[in-house]
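S.K.: One file is attached below, data-v5.txt, containing compact mmCIF, C-alpha atoms.
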```txt
# COMPACT_ATOMS: atom_id res chain seq x y z
CA MET A 1 9.60 28.48 7.84
CA GLY A 2 11.90 27.88 10.82
CA ALA A 3 9.43 29.57 13.16
CA LEU A 4 6.69 27.12 12.17
CA VAL A 5 8.68 23.92 11.71
CA HIS A 6 11.44 23.20 14.21
CA ASP A 7 14.70 24.25 12.49
CA PRO A 8 16.50 20.88 12.55
CA ASN A 9 13.40 19.23 11.03
CA VAL A 10 13.14 21.57 8.05
CA PRO A 11 15.61 19.58 5.88
CA GLN A 12 13.63 16.42 6.62
CA ALA A 13 10.41 18.17 5.56
CA GLN A 14 12.14 19.16 2.34
CA VAL A 15 13.19 15.53 1.74
CA VAL A 16 9.59 14.34 2.27
CA LEU A 17 8.32 16.94 -0.17
CA ASN A 18 10.95 16.29 -2.84
CA SER A 19 10.71 12.51 -2.55
CA ARG A 20 7.00 12.67 -3.49
CA PHE A 21 7.76 14.52 -6.74
CA ALA A 22 11.03 12.73 -7.55
CA PRO A 23 11.72 11.28 -11.01
CA GLY A 24 10.26 7.85 -11.79
CA GLU A 25 7.58 6.16 -9.74
CA PRO A 26 6.85 9.02 -7.31
CA LEU A 27 6.21 11.42 -10.18
CA LYS A 28 4.07 8.81 -11.99
CA GLU A 29 1.97 8.40 -8.84
CA MET A 30 1.52 12.16 -8.49
CA ILE A 31 0.50 12.47 -12.16
CA ALA A 32 -2.08 9.69 -11.70
CA ILE A 33 -3.47 11.25 -8.50
CA GLN A 34 -3.75 14.64 -10.17
CA LYS A 35 -5.44 13.16 -13.24
CA GLU A 36 -7.96 11.24 -11.13
CA PHE A 37 -8.72 13.74 -8.37
CA ASP A 38 -7.57 17.16 -9.63
CA VAL A 39 -6.04 17.87 -6.24
CA PHE A 40 -3.79 20.74 -7.35
CA SER A 41 -6.59 23.16 -8.10
CA LEU A 42 -7.38 26.64 -6.86
CA LYS A 43 -10.55 25.09 -5.43
CA HIS A 44 -8.39 23.51 -2.72
CA SER A 45 -5.98 25.05 -0.24
CA LEU A 46 -2.36 23.97 -0.20
CA ALA A 47 -2.81 22.88 3.41
CA ASP A 48 -5.66 20.54 2.42
CA VAL A 49 -3.67 19.19 -0.52
CA SER A 50 -0.67 18.61 1.77
CA SER A 51 -2.86 16.74 4.19
CA LEU A 52 -4.48 14.58 1.50
CA LEU A 53 -1.10 13.72 0.00
CA ASN A 54 0.52 13.39 3.43
CA ILE A 55 3.25 15.79 2.42
CA ALA A 56 4.17 17.13 5.82
CA PRO A 57 6.72 16.48 8.56
CA PRO A 58 5.97 13.38 10.64
CA GLN A 59 6.08 15.14 14.05
CA ALA A 60 2.63 16.42 15.14
CA LYS A 61 3.83 19.91 16.18
CA ASP A 62 5.80 20.34 12.95
CA ARG A 63 2.81 19.14 10.90
CA ARG A 64 0.66 21.86 12.42
CA GLY A 65 3.44 24.38 11.71
CA TRP A 66 3.72 23.11 8.15
CA PHE A 67 0.02 23.59 7.47
CA LYS A 68 0.27 27.12 8.94
CA PHE A 69 3.18 27.77 6.60
CA CYS A 70 1.04 26.63 3.64
CA THR A 71 -1.65 29.12 4.69
CA TYR A 72 0.94 31.86 5.30
CA LEU A 73 1.95 31.54 1.63
CA LYS A 74 -1.38 33.19 0.76
CA SER A 75 0.15 36.46 1.98
CA VAL A 76 3.47 36.05 0.16
CA PRO A 77 4.01 37.46 -3.34
CA SER A 78 5.34 35.41 -6.22
CA ASP A 79 7.26 35.98 -9.42
CA LYS A 80 3.89 36.25 -11.22
CA LYS A 81 2.40 39.67 -10.80
CA GLY A 82 -0.80 39.63 -8.77
CA MET A 83 -0.48 35.95 -7.84
CA THR A 84 0.26 34.82 -4.30
CA ALA A 85 2.93 32.23 -3.56
CA HIS A 86 0.15 29.85 -2.48
CA ASP A 87 -1.69 30.08 -5.80
CA ARG A 88 1.55 30.14 -7.80
CA ILE A 89 2.60 26.77 -6.33
CA ILE A 90 -0.77 25.19 -7.06
CA THR A 91 -0.86 26.57 -10.60
CA ALA A 92 2.74 25.63 -11.40
CA VAL A 93 2.37 22.07 -10.10
CA ARG A 94 -0.97 21.65 -11.84
CA GLU A 95 0.38 22.83 -15.21
CA ASN A 96 3.46 20.67 -14.88
CA LEU A 97 1.56 17.49 -14.00
CA ALA A 98 -0.77 18.01 -16.96
CA ALA A 99 2.09 18.70 -19.40
CA ALA A 100 2.99 16.26 -22.18
CA LYS A 101 6.30 15.62 -20.44
CA PRO A 102 5.94 16.49 -16.75
CA LEU A 103 9.16 17.30 -14.92
CA PRO A 104 10.06 16.09 -11.46
CA ILE A 105 9.68 18.92 -8.97
CA PHE A 106 12.32 20.20 -6.59
CA PHE A 107 11.25 22.38 -3.68
CA THR A 108 13.81 24.61 -2.06
CA TRP A 109 14.10 28.03 -0.42
CA HIS A 110 16.10 31.24 -0.78
CA PRO A 111 16.55 34.52 1.08
CA GLY A 112 14.13 37.01 -0.41
CA ASN A 113 10.49 38.06 -0.44
CA LYS A 114 8.97 36.37 -3.51
CA LEU A 115 8.31 32.75 -4.38
CA GLU A 116 10.07 31.81 -7.61
CA VAL A 117 9.33 29.08 -10.15
CA SER A 118 11.85 28.05 -12.79
CA LYS A 119 13.10 25.08 -14.77
CA GLY A 120 16.64 23.86 -14.38
CA PHE A 121 19.10 21.36 -13.02
CA ALA A 122 18.26 21.33 -9.33
CA LEU A 123 21.00 18.86 -8.51
CA SER A 124 24.37 19.98 -9.84
CA PHE A 125 25.54 16.38 -10.22
CA SER A 126 22.51 15.34 -12.28
CA LYS A 127 21.40 16.04 -15.84
CA THR A 128 17.73 15.63 -14.87
CA GLN A 129 15.75 18.79 -15.46
CA TYR A 130 13.34 19.81 -12.70
CA LEU A 131 10.61 22.30 -12.12
CA ILE A 132 12.16 24.26 -9.26
CA ILE A 133 9.88 25.96 -6.76
CA SER A 134 11.75 28.14 -4.30
CA ALA A 135 10.06 29.76 -1.32
CA PRO A 136 11.39 32.95 0.25
CA VAL A 137 12.47 32.57 3.87
CA MET B 1 1.24 -21.32 17.54
CA CYS B 2 1.25 -18.01 15.69
CA SER B 3 -0.64 -17.83 12.37
CA GLN B 4 -0.37 -15.40 9.47
CA GLY B 5 -3.56 -13.82 10.77
CA ASP B 6 -1.98 -13.28 14.19
CA THR B 7 0.96 -11.57 12.52
CA ALA B 8 -1.35 -9.25 10.59
CA ARG B 9 -3.43 -8.53 13.72
CA THR B 10 -0.37 -7.49 15.75
CA TYR B 11 1.16 -5.49 12.92
CA TYR B 12 -1.92 -3.41 12.12
CA SER B 13 -2.95 -2.96 15.74
CA GLU B 14 0.50 -1.44 16.41
CA LYS B 15 0.19 0.84 13.37
CA LEU B 16 -3.21 2.06 14.57
CA LYS B 17 -1.83 2.72 18.05
CA ARG B 18 1.01 4.78 16.61
CA TYR B 19 -0.74 6.78 13.88
CA GLY B 20 -4.45 6.62 14.77
CA ALA B 21 -7.34 6.20 12.31
CA THR B 22 -5.51 7.69 9.34
CA ALA B 23 -3.99 6.45 6.09
CA ARG B 24 -0.69 6.01 7.93
CA GLY B 25 -2.49 3.99 10.59
CA VAL B 26 -3.28 1.37 7.97
CA ASP B 27 0.18 1.62 6.42
CA TRP B 28 -0.63 3.63 3.31
CA PRO B 29 1.65 6.57 2.46
CA SER B 30 -1.28 8.94 1.94
CA ALA B 31 -5.05 9.12 1.69
CA ALA B 32 -4.69 10.09 -1.98
CA SER B 33 -2.78 6.91 -2.90
CA GLN B 34 -5.32 4.88 -0.96
CA TYR B 35 -8.14 6.57 -2.89
CA LEU B 36 -6.37 5.84 -6.17
CA ARG B 37 -6.46 2.15 -5.24
CA PHE B 38 -10.17 2.35 -4.40
CA VAL B 39 -10.86 3.84 -7.83
CA GLN B 40 -9.38 0.72 -9.44
CA LEU B 41 -11.03 -1.78 -7.05
CA LEU B 42 -14.46 -0.20 -7.38
CA ARG B 43 -14.40 -0.78 -11.14
CA ILE B 44 -15.82 -4.20 -10.26
CA CYS B 45 -19.06 -2.59 -9.06
CA ASP B 46 -22.08 -1.68 -11.16
CA PHE B 47 -23.00 1.77 -9.85
CA GLY B 48 -26.22 1.66 -11.86
CA ARG B 49 -28.10 -0.08 -9.04
CA PRO B 50 -27.82 -0.45 -5.24
CA PHE B 51 -25.44 -3.10 -3.96
CA THR B 52 -23.88 -4.65 -0.87
CA ILE B 53 -20.16 -4.83 -0.33
CA ASN B 54 -17.70 -6.66 1.91
CA ASP B 55 -14.53 -4.67 2.64
CA PHE B 56 -12.02 -7.26 3.78
CA GLY B 57 -9.14 -5.79 5.81
CA CYS B 58 -11.21 -2.63 6.18
CA GLY B 59 -8.97 -0.95 8.75
CA TYR B 60 -10.72 2.11 10.17
CA GLY B 61 -13.15 2.13 7.22
CA ALA B 62 -11.16 4.22 4.74
CA LEU B 63 -13.45 3.07 1.94
CA LEU B 64 -16.34 4.88 3.65
CA GLU B 65 -14.10 7.94 3.87
CA TYR B 66 -13.58 7.63 0.12
CA PHE B 67 -17.36 7.45 -0.40
CA GLU B 68 -17.60 10.76 1.48
CA PHE B 69 -14.83 12.23 -0.66
CA ARG B 70 -16.49 11.03 -3.88
CA PRO B 71 -20.11 10.16 -3.04
CA PRO B 72 -21.62 7.30 -5.06
CA ASN B 73 -25.00 7.93 -6.62
CA VAL B 74 -26.50 4.66 -5.38
CA ALA B 75 -27.26 3.14 -1.99
CA ILE B 76 -24.46 0.89 -0.76
CA ARG B 77 -24.78 -1.40 2.23
CA TYR B 78 -21.27 -1.86 3.59
CA HIS B 79 -19.71 -4.49 5.83
CA GLY B 80 -16.10 -4.04 6.97
CA VAL B 81 -14.07 -6.97 8.30
CA ASP B 82 -10.69 -6.71 9.97
CA ILE B 83 -8.56 -9.08 11.97
CA SER B 84 -7.49 -6.34 14.37
CA PRO B 85 -10.01 -5.70 17.19
CA PRO B 86 -8.66 -2.18 17.93
CA MET B 87 -9.04 -1.35 14.23
CA ILE B 88 -12.70 -2.43 14.28
CA GLU B 89 -13.27 -0.45 17.49
CA ALA B 90 -11.86 2.63 15.75
CA ALA B 91 -14.02 1.95 12.68
CA GLU B 92 -17.20 1.52 14.72
CA LEU B 93 -16.51 4.75 16.59
CA ARG B 94 -15.69 6.65 13.41
CA TRP B 95 -18.74 5.46 11.46
CA LYS B 96 -21.34 5.09 14.22
CA HIS B 97 -23.52 7.69 12.44
CA ASN B 98 -23.60 5.60 9.23
CA GLU B 99 -26.60 3.28 9.35
CA GLN B 100 -25.54 1.47 6.18
CA ALA B 101 -22.20 0.41 7.66
CA THR B 102 -21.50 -2.57 9.92
CA PHE B 103 -18.24 -4.10 11.05
CA SER B 104 -16.92 -7.35 12.45
CA VAL B 105 -13.62 -8.73 13.71
CA GLY B 106 -12.47 -11.81 11.87
CA SER B 107 -10.38 -13.43 9.19
CA GLN B 108 -13.37 -14.20 6.96
CA CYS B 109 -16.35 -12.26 5.66
CA PRO B 110 -19.36 -13.36 7.75
CA ASP B 111 -22.00 -12.88 5.03
CA LEU B 112 -22.58 -12.97 1.31
CA ALA B 113 -22.47 -9.58 -0.46
CA ASP B 114 -22.74 -8.51 -4.09
CA TYR B 115 -19.06 -7.57 -4.13
CA SER B 116 -16.00 -8.09 -1.96
CA LEU B 117 -12.90 -5.91 -1.99
CA ALA B 118 -9.51 -6.33 -0.35
CA SER B 119 -7.01 -3.51 -0.63
CA GLY B 120 -3.42 -4.00 0.44
CA VAL B 121 -4.10 -6.99 2.66
CA PHE B 122 -1.58 -9.27 0.96
CA ASN B 123 1.38 -6.89 1.01
CA VAL B 124 2.90 -7.17 4.47
CA LYS B 125 4.10 -10.71 4.98
CA LEU B 126 6.86 -9.81 7.49
CA ASP B 127 8.91 -12.94 8.21
CA TRP B 128 6.53 -15.55 6.80
CA PRO B 129 8.01 -17.81 4.10
CA ILE B 130 6.55 -17.10 0.66
CA GLU B 131 4.82 -20.51 0.43
CA ALA B 132 3.03 -20.04 3.75
CA TRP B 133 2.02 -16.49 2.85
CA GLU B 134 0.70 -17.56 -0.56
CA SER B 135 -1.30 -20.30 1.08
CA TYR B 136 -2.81 -17.63 3.39
CA ILE B 137 -3.65 -15.42 0.37
CA GLU B 138 -5.23 -18.40 -1.36
CA SER B 139 -7.47 -19.09 1.63
CA ILE B 140 -8.59 -15.45 1.67
CA LEU B 141 -9.35 -15.44 -2.07
CA ILE B 142 -11.36 -18.65 -1.74
CA ASP B 143 -13.40 -17.05 1.06
CA LEU B 144 -13.91 -13.81 -0.87
CA ARG B 145 -15.11 -15.81 -3.88
CA ALA B 146 -17.53 -17.78 -1.68
CA LYS B 147 -18.89 -14.57 -0.08
CA SER B 148 -19.44 -12.64 -3.32
CA ARG B 149 -22.43 -12.82 -5.64
CA ARG B 150 -21.23 -10.66 -8.52
CA GLY B 151 -17.51 -10.14 -8.16
CA LEU B 152 -14.46 -9.41 -6.12
CA ALA B 153 -11.47 -7.13 -6.50
CA VAL B 154 -8.03 -7.34 -4.94
CA ASN B 155 -4.64 -5.72 -5.42
CA PHE B 156 -1.03 -6.86 -5.22
CA MET B 157 2.30 -5.07 -5.35
CA LEU B 158 4.49 -5.79 -8.36
CA PRO B 159 8.11 -6.93 -7.91
CA LEU B 160 10.87 -4.34 -7.66
CA GLU B 161 13.77 -4.24 -10.07
CA GLU B 162 16.01 -5.20 -7.12
CA PRO B 163 13.91 -7.99 -5.63
CA ASP B 164 15.96 -8.65 -2.48
CA SER B 165 15.64 -5.19 -1.01
CA GLU B 166 12.25 -5.66 0.72
CA HIS B 167 11.92 -9.23 1.94
CA ARG B 168 9.16 -8.39 4.46
CA LEU B 169 6.74 -7.32 1.73
CA TYR B 170 4.95 -9.69 -0.63
CA ARG B 171 5.21 -8.80 -4.29
CA ALA B 172 3.86 -10.92 -7.11
CA LEU B 173 3.33 -11.18 -10.82
CA PRO B 174 -0.34 -11.47 -11.82
CA ASP B 175 -0.44 -14.93 -13.46
CA ARG B 176 -0.60 -17.11 -10.37
CA TRP B 177 -3.52 -15.16 -8.90
CA ILE B 178 -5.36 -14.77 -12.18
CA ASN B 179 -5.15 -18.55 -12.62
CA LEU B 180 -6.51 -19.19 -9.14
CA LEU B 181 -9.44 -16.81 -9.62
CA GLU B 182 -10.23 -18.39 -12.98
CA GLU B 183 -10.15 -21.83 -11.33
CA LEU B 184 -12.69 -20.42 -8.88
CA GLY B 185 -14.99 -19.70 -11.82
CA CYS B 186 -14.32 -15.98 -12.25
CA SER B 187 -13.72 -14.01 -15.39
CA VAL B 188 -10.64 -11.93 -14.53
CA GLU B 189 -9.58 -8.50 -15.73
CA GLN B 190 -6.18 -7.14 -14.78
CA ILE B 191 -5.66 -3.40 -14.31
CA SER B 192 -2.19 -1.93 -14.04
CA ASP B 193 -0.29 1.22 -15.00
CA TYR B 194 -2.40 3.50 -12.82
CA GLY B 195 0.53 5.31 -11.26
CA LEU B 196 1.41 2.75 -8.59
CA ARG B 197 3.76 -0.23 -8.75
CA GLU B 198 0.99 -2.75 -8.38
CA PHE B 199 -1.89 -4.39 -10.18
CA THR B 200 -5.57 -4.87 -9.44
CA LEU B 201 -7.57 -7.95 -10.35
CA LEU B 202 -11.28 -7.60 -11.04
CA ALA B 203 -12.86 -11.04 -10.81
CA ARG B 204 -16.39 -11.15 -12.17
CA ILE B 205 -18.65 -14.03 -11.23
CA PRO B 206 -20.90 -15.18 -14.07
CA ALA B 207 -24.61 -15.02 -13.28
CA ILE B 208 -26.21 -18.43 -12.82
CA ALA B 209 -28.66 -19.01 -15.65
```
Show how you would write the structure in this file as structure tokens.
M.R.:
Amino acid sequence: MGALVHDPNVPQAQVVLNSRFAPGEPLKEMIAIQKEFDVFSLKHSLADVSSLLNIAPPQAKDRRGWFKFCTYLKSVPSDKKGMTAHDRIITAVRENLAAAKPLPIFFTWHPGNKLEVSKGFALSFSKTQYLIISAPV
Amino acid sequence: MCSQGDTARTYYSEKLKRYGATARGVDWPSAASQYLRFVQLLRICDFGRPFTINDFGCGYGALLEYFEFRPPNVAIRYHGVDISPPMIEAAELRWKHNEQATFSVGSQCPDLADYSLASGVFNVKLDWPIEAWESYIESILIDLRAKSRRGLAVNFMLPLEEPDSEHRLYRALPDRWINLLEELGCSVEQISDYGLREFTLLARIPAIA
């Protein structure tokens, strides 16, 4: 991602992303948006969803890089056989937001070549369980 | 002397200059959250027949953008009003192809319409004392009532659990504004719990027998 979003701004992009799926009101808002508009759907690209939800870095150059990164995920494998990282993110978020008890979502990254989705305690100091989506970088 | 309207004009003109004709340019966190508000406000409208609508505090005409995102199945004649001249310039440029849309600069709706909507216009009070800001809101609601044939819809932010943390925003409980709209002869329905910390009031105007 560093090649597309200026390195020092990557943590800020992560904060923007995670704050929109954080426990409490942000998650409630995302659930309501999904229920009303079905935004996380394979009919829409992740770049379009990011734009609609304004989940992107504030700087114009980084925003363009972010949307390119979303598109690049179409060529990245995931932990689900035959599913790209792009589709895996959309599917995982969609299923979670429609669940009886949706979890807050924590986006992170790891060295590797596959996108991974799991459930766990994303913040070691917190007992809140998250859906964790980790992109390979 | 500076009025509440002047404050709003300066504030939103600056936002537009910084972020352009986008959701952020009218101080919403995203287009999706703005659309979610429109869903609630538009519950006032009967989509079974054509209607006219005043969009008070229209910004760059985001409601028209919503109608492109989710097209209505009836003809709607739209008039957008905003206190910020640059905002109306941006709206006119953006929607010049739309023959059903007109715009004007002002702090009141110029003409009667079937419905009037105001989304988010009461939220940013900046340094105005609460009493002065509420008096400003009251004057807007009275005008919206006078310029609507069938109903009006408005939204307000609900108070935070820690009320002192955002003194430049106006947050309210519904009762005061429900009472005012009822005094103005409306039958009021409150909508809340739609994923945002706010409520929407749908004020229906009884038909004259």
S.K.: Identify all chain A residues at most 6 Å from chain B by counting all atoms listed in the file; ligands do not count. Present them as a list in words.
M.R.: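 Result: Lys28, Glu29, Ala32, Leu52, Leu53 and Asn54 of chain A.
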S.K.: How far is it from CA of Phe69 (chain A) to CA of Arg88 (chain A), in Å with one decimal?
M.R.: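 Between CA of Phe69 (chain A) and CA of Arg88 (chain A) the gap works out to 14.7 Å.
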S.K.: Looking at A:Leu103, A:Pro57, A:Leu46, A:Leu115, which one is nearest to Val76 (chain A), with distances taken over all atoms listed in the file?
M.R.: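 Distance minimum relative to Val76 (chain A) lands on A:Leu115.
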S.K.: Using all atoms listed in the file for the distances, tell me which of B:Val121, B:Leu201, B:Gly151, B:Ser187 is nearest to Leu169 (chain B).
M.R.: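 Of B:Val121, B:Leu201, B:Gly151, B:Ser187, the one nearest Leu169 (chain B), counting all atoms listed in the file, is B:Val121.
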S.K.: Mind checking which residues fall within 10 Å of region 62-67 of chain B, counting only C-alpha atoms, ignoring those fewer than 6 positions away in the same chain, and posting them as a PDB file with C-alpha atoms, keeping the file's coordinate frame?
M.R.:
```
ATOM      1  CA  ALA B  21      -7.340   6.200  12.310  1.00  0.00           C
ATOM      2  CA  THR B  22      -5.510   7.690   9.340  1.00  0.00           C
ATOM      3  CA  ALA B  23      -3.990   6.450   6.090  1.00  0.00           C
ATOM      4  CA  VAL B  26      -3.280   1.370   7.970  1.00  0.00           C
ATOM      5  CA  ALA B  31      -5.050   9.120   1.690  1.00  0.00           C
ATOM      6  CA  ALA B  32      -4.690  10.090  -1.980  1.00  0.00           C
ATOM      7  CA  GLN B  34      -5.320   4.880  -0.960  1.00  0.00           C
ATOM      8  CA  TYR B  35      -8.140   6.570  -2.890  1.00  0.00           C
ATOM      9  CA  LEU B  36      -6.370   5.840  -6.170  1.00  0.00           C
ATOM     10  CA  PHE B  38     -10.170   2.350  -4.400  1.00  0.00           C
ATOM     11  CA  VAL B  39     -10.860   3.840  -7.830  1.00  0.00           C
ATOM     12  CA  LEU B  42     -14.460  -0.200  -7.380  1.00  0.00           C
ATOM     13  CA  ASP B  55     -14.530  -4.670   2.640  1.00  0.00           C
ATOM     14  CA  ASN B  73     -25.000   7.930  -6.620  1.00  0.00           C
ATOM     15  CA  ILE B  76     -24.460   0.890  -0.760  1.00  0.00           C
ATOM     16  CA  TYR B  78     -21.270  -1.860   3.590  1.00  0.00           C
ATOM     17  CA  GLY B  80     -16.100  -4.040   6.970  1.00  0.00           C
ATOM     18  CA  ALA B  91     -14.020   1.950  12.680  1.00  0.00           C
ATOM     19  CA  ARG B  94     -15.690   6.650  13.410  1.00  0.00           C
ATOM     20  CA  TRP B  95     -18.740   5.460  11.460  1.00  0.00           C
ATOM     21  CA  ASN B  98     -23.600   5.600   9.230  1.00  0.00           C
ATOM     22  CA  ALA B 101     -22.200   0.410   7.660  1.00  0.00           C
ATOM     23  CA  LEU B 117     -12.900  -5.910  -1.990  1.00  0.00           C
ATOM     24  CA  SER B 119      -7.010  -3.510  -0.630  1.00  0.00           C
TER      25      SER B 119
END
```
S.K.: Have a look at B:Ala207, B:Ile178, B:Val105, B:Ile191 and name the one nearest to Cys58 (chain B); count only C-alpha atoms.
M.R.: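 Checking each candidate against Cys58 (chain B), we get B:Val105 as the closest.
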S.K.: Give me, as an MDAnalysis selection string, all polymer residues having an atom no more than 12 Å from Ser19 (chain A), counting only C-alpha atoms and skipping those fewer than 5 positions away in the same chain.
M.R.: (chainID A and resid 12:14 24:27 29:30 54:56 104:107) or (chainID B and resid 29)
S.K.: For Thr102 (chain B), work out the shell of residues within 8 Å, counting all atoms listed in the file and skipping chain neighbours fewer than 2 positions away, then give it as a compact mmCIF listing (two decimals) with C-alpha atoms, keeping the file's coordinate frame.
M.R.:
```
# COMPACT_ATOMS: atom_id res chain seq x y z
CA TYR B 78 -21.27 -1.86 3.59
CA HIS B 79 -19.71 -4.49 5.83
CA GLY B 80 -16.10 -4.04 6.97
CA GLU B 92 -17.20 1.52 14.72
CA GLU B 99 -26.60 3.28 9.35
CA GLN B 100 -25.54 1.47 6.18
CA SER B 104 -16.92 -7.35 12.45
```
S.K.: CA of Ala203 (chain B) and CA of Ala146 (chain B), how far apart in Å?
M.R.: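 That distance, rounded to one decimal, is 12.3 Å.
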S.K.: CA of Ile137 (chain B) and CA of Phe122 (chain B) are how many Å apart?
M.R.: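 Distance between the two atoms: 6.5 Å.
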S.K.: What does region 50-70 of chain A look like written to a file with N, CA and C atoms, as a short mmCIF file (atom, residue, chain, number, x, y, z; two decimals), in the first residue's frame?
M.R.:
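Wrote it out as selection_21.cif, contents follow:
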```
data_model
loop_
_atom_site.label_atom_id
_atom_site.label_comp_id
_atom_site.auth_asym_id
_atom_site.auth_seq_id
_atom_site.Cartn_x
_atom_site.Cartn_y
_atom_site.Cartn_z
N SER A 50 -15.92 2.71 -1.19
CA SER A 50 -15.05 3.62 -0.41
C SER A 50 -15.41 5.07 -0.66
N SER A 51 -15.67 5.37 -1.92
CA SER A 51 -16.00 6.74 -2.28
C SER A 51 -17.34 7.15 -1.68
N LEU A 52 -18.34 6.29 -1.81
CA LEU A 52 -19.67 6.58 -1.28
C LEU A 52 -19.65 6.77 0.24
N LEU A 53 -18.83 5.95 0.90
CA LEU A 53 -18.76 6.02 2.36
C LEU A 53 -17.71 7.02 2.85
N ASN A 54 -16.99 7.60 1.89
CA ASN A 54 -15.89 8.50 2.21
C ASN A 54 -14.90 7.85 3.16
N ILE A 55 -14.55 6.61 2.83
CA ILE A 55 -13.52 5.92 3.60
C ILE A 55 -12.26 5.96 2.75
N ALA A 56 -11.50 7.00 2.93
CA ALA A 56 -10.29 7.21 2.14
C ALA A 56 -9.48 8.31 2.81
N PRO A 57 -8.18 8.34 2.54
CA PRO A 57 -7.37 9.41 3.15
C PRO A 57 -7.85 10.79 2.68
N PRO A 58 -7.69 11.81 3.50
CA PRO A 58 -8.18 13.13 3.11
C PRO A 58 -7.39 13.79 1.98
N GLN A 59 -6.08 13.50 1.86
CA GLN A 59 -5.27 14.16 0.84
C GLN A 59 -5.61 13.62 -0.55
N ALA A 60 -5.76 14.54 -1.53
CA ALA A 60 -6.24 14.14 -2.88
C ALA A 60 -5.37 13.05 -3.50
N LYS A 61 -4.04 13.21 -3.43
CA LYS A 61 -3.14 12.24 -4.08
C LYS A 61 -3.28 10.86 -3.41
N ASP A 62 -3.37 10.89 -2.08
CA ASP A 62 -3.52 9.63 -1.34
C ASP A 62 -4.88 8.98 -1.61
N ARG A 63 -5.90 9.82 -1.81
CA ARG A 63 -7.24 9.27 -2.12
C ARG A 63 -7.19 8.49 -3.43
N ARG A 64 -6.54 9.11 -4.43
CA ARG A 64 -6.42 8.42 -5.72
C ARG A 64 -5.66 7.10 -5.54
N GLY A 65 -4.57 7.16 -4.75
CA GLY A 65 -3.78 5.95 -4.48
C GLY A 65 -4.61 4.90 -3.76
N TRP A 66 -5.44 5.37 -2.83
CA TRP A 66 -6.29 4.44 -2.06
C TRP A 66 -7.27 3.70 -2.99
N PHE A 67 -7.89 4.45 -3.89
CA PHE A 67 -8.85 3.83 -4.80
C PHE A 67 -8.13 2.84 -5.74
N LYS A 68 -6.88 3.17 -6.11
CA LYS A 68 -6.09 2.23 -6.93
C LYS A 68 -5.80 0.96 -6.13
N PHE A 69 -5.51 1.17 -4.85
CA PHE A 69 -5.24 0.01 -3.98
C PHE A 69 -6.48 -0.90 -3.90
N CYS A 70 -7.65 -0.28 -3.78
CA CYS A 70 -8.90 -1.06 -3.73
C CYS A 70 -9.04 -1.90 -5.00
#
```
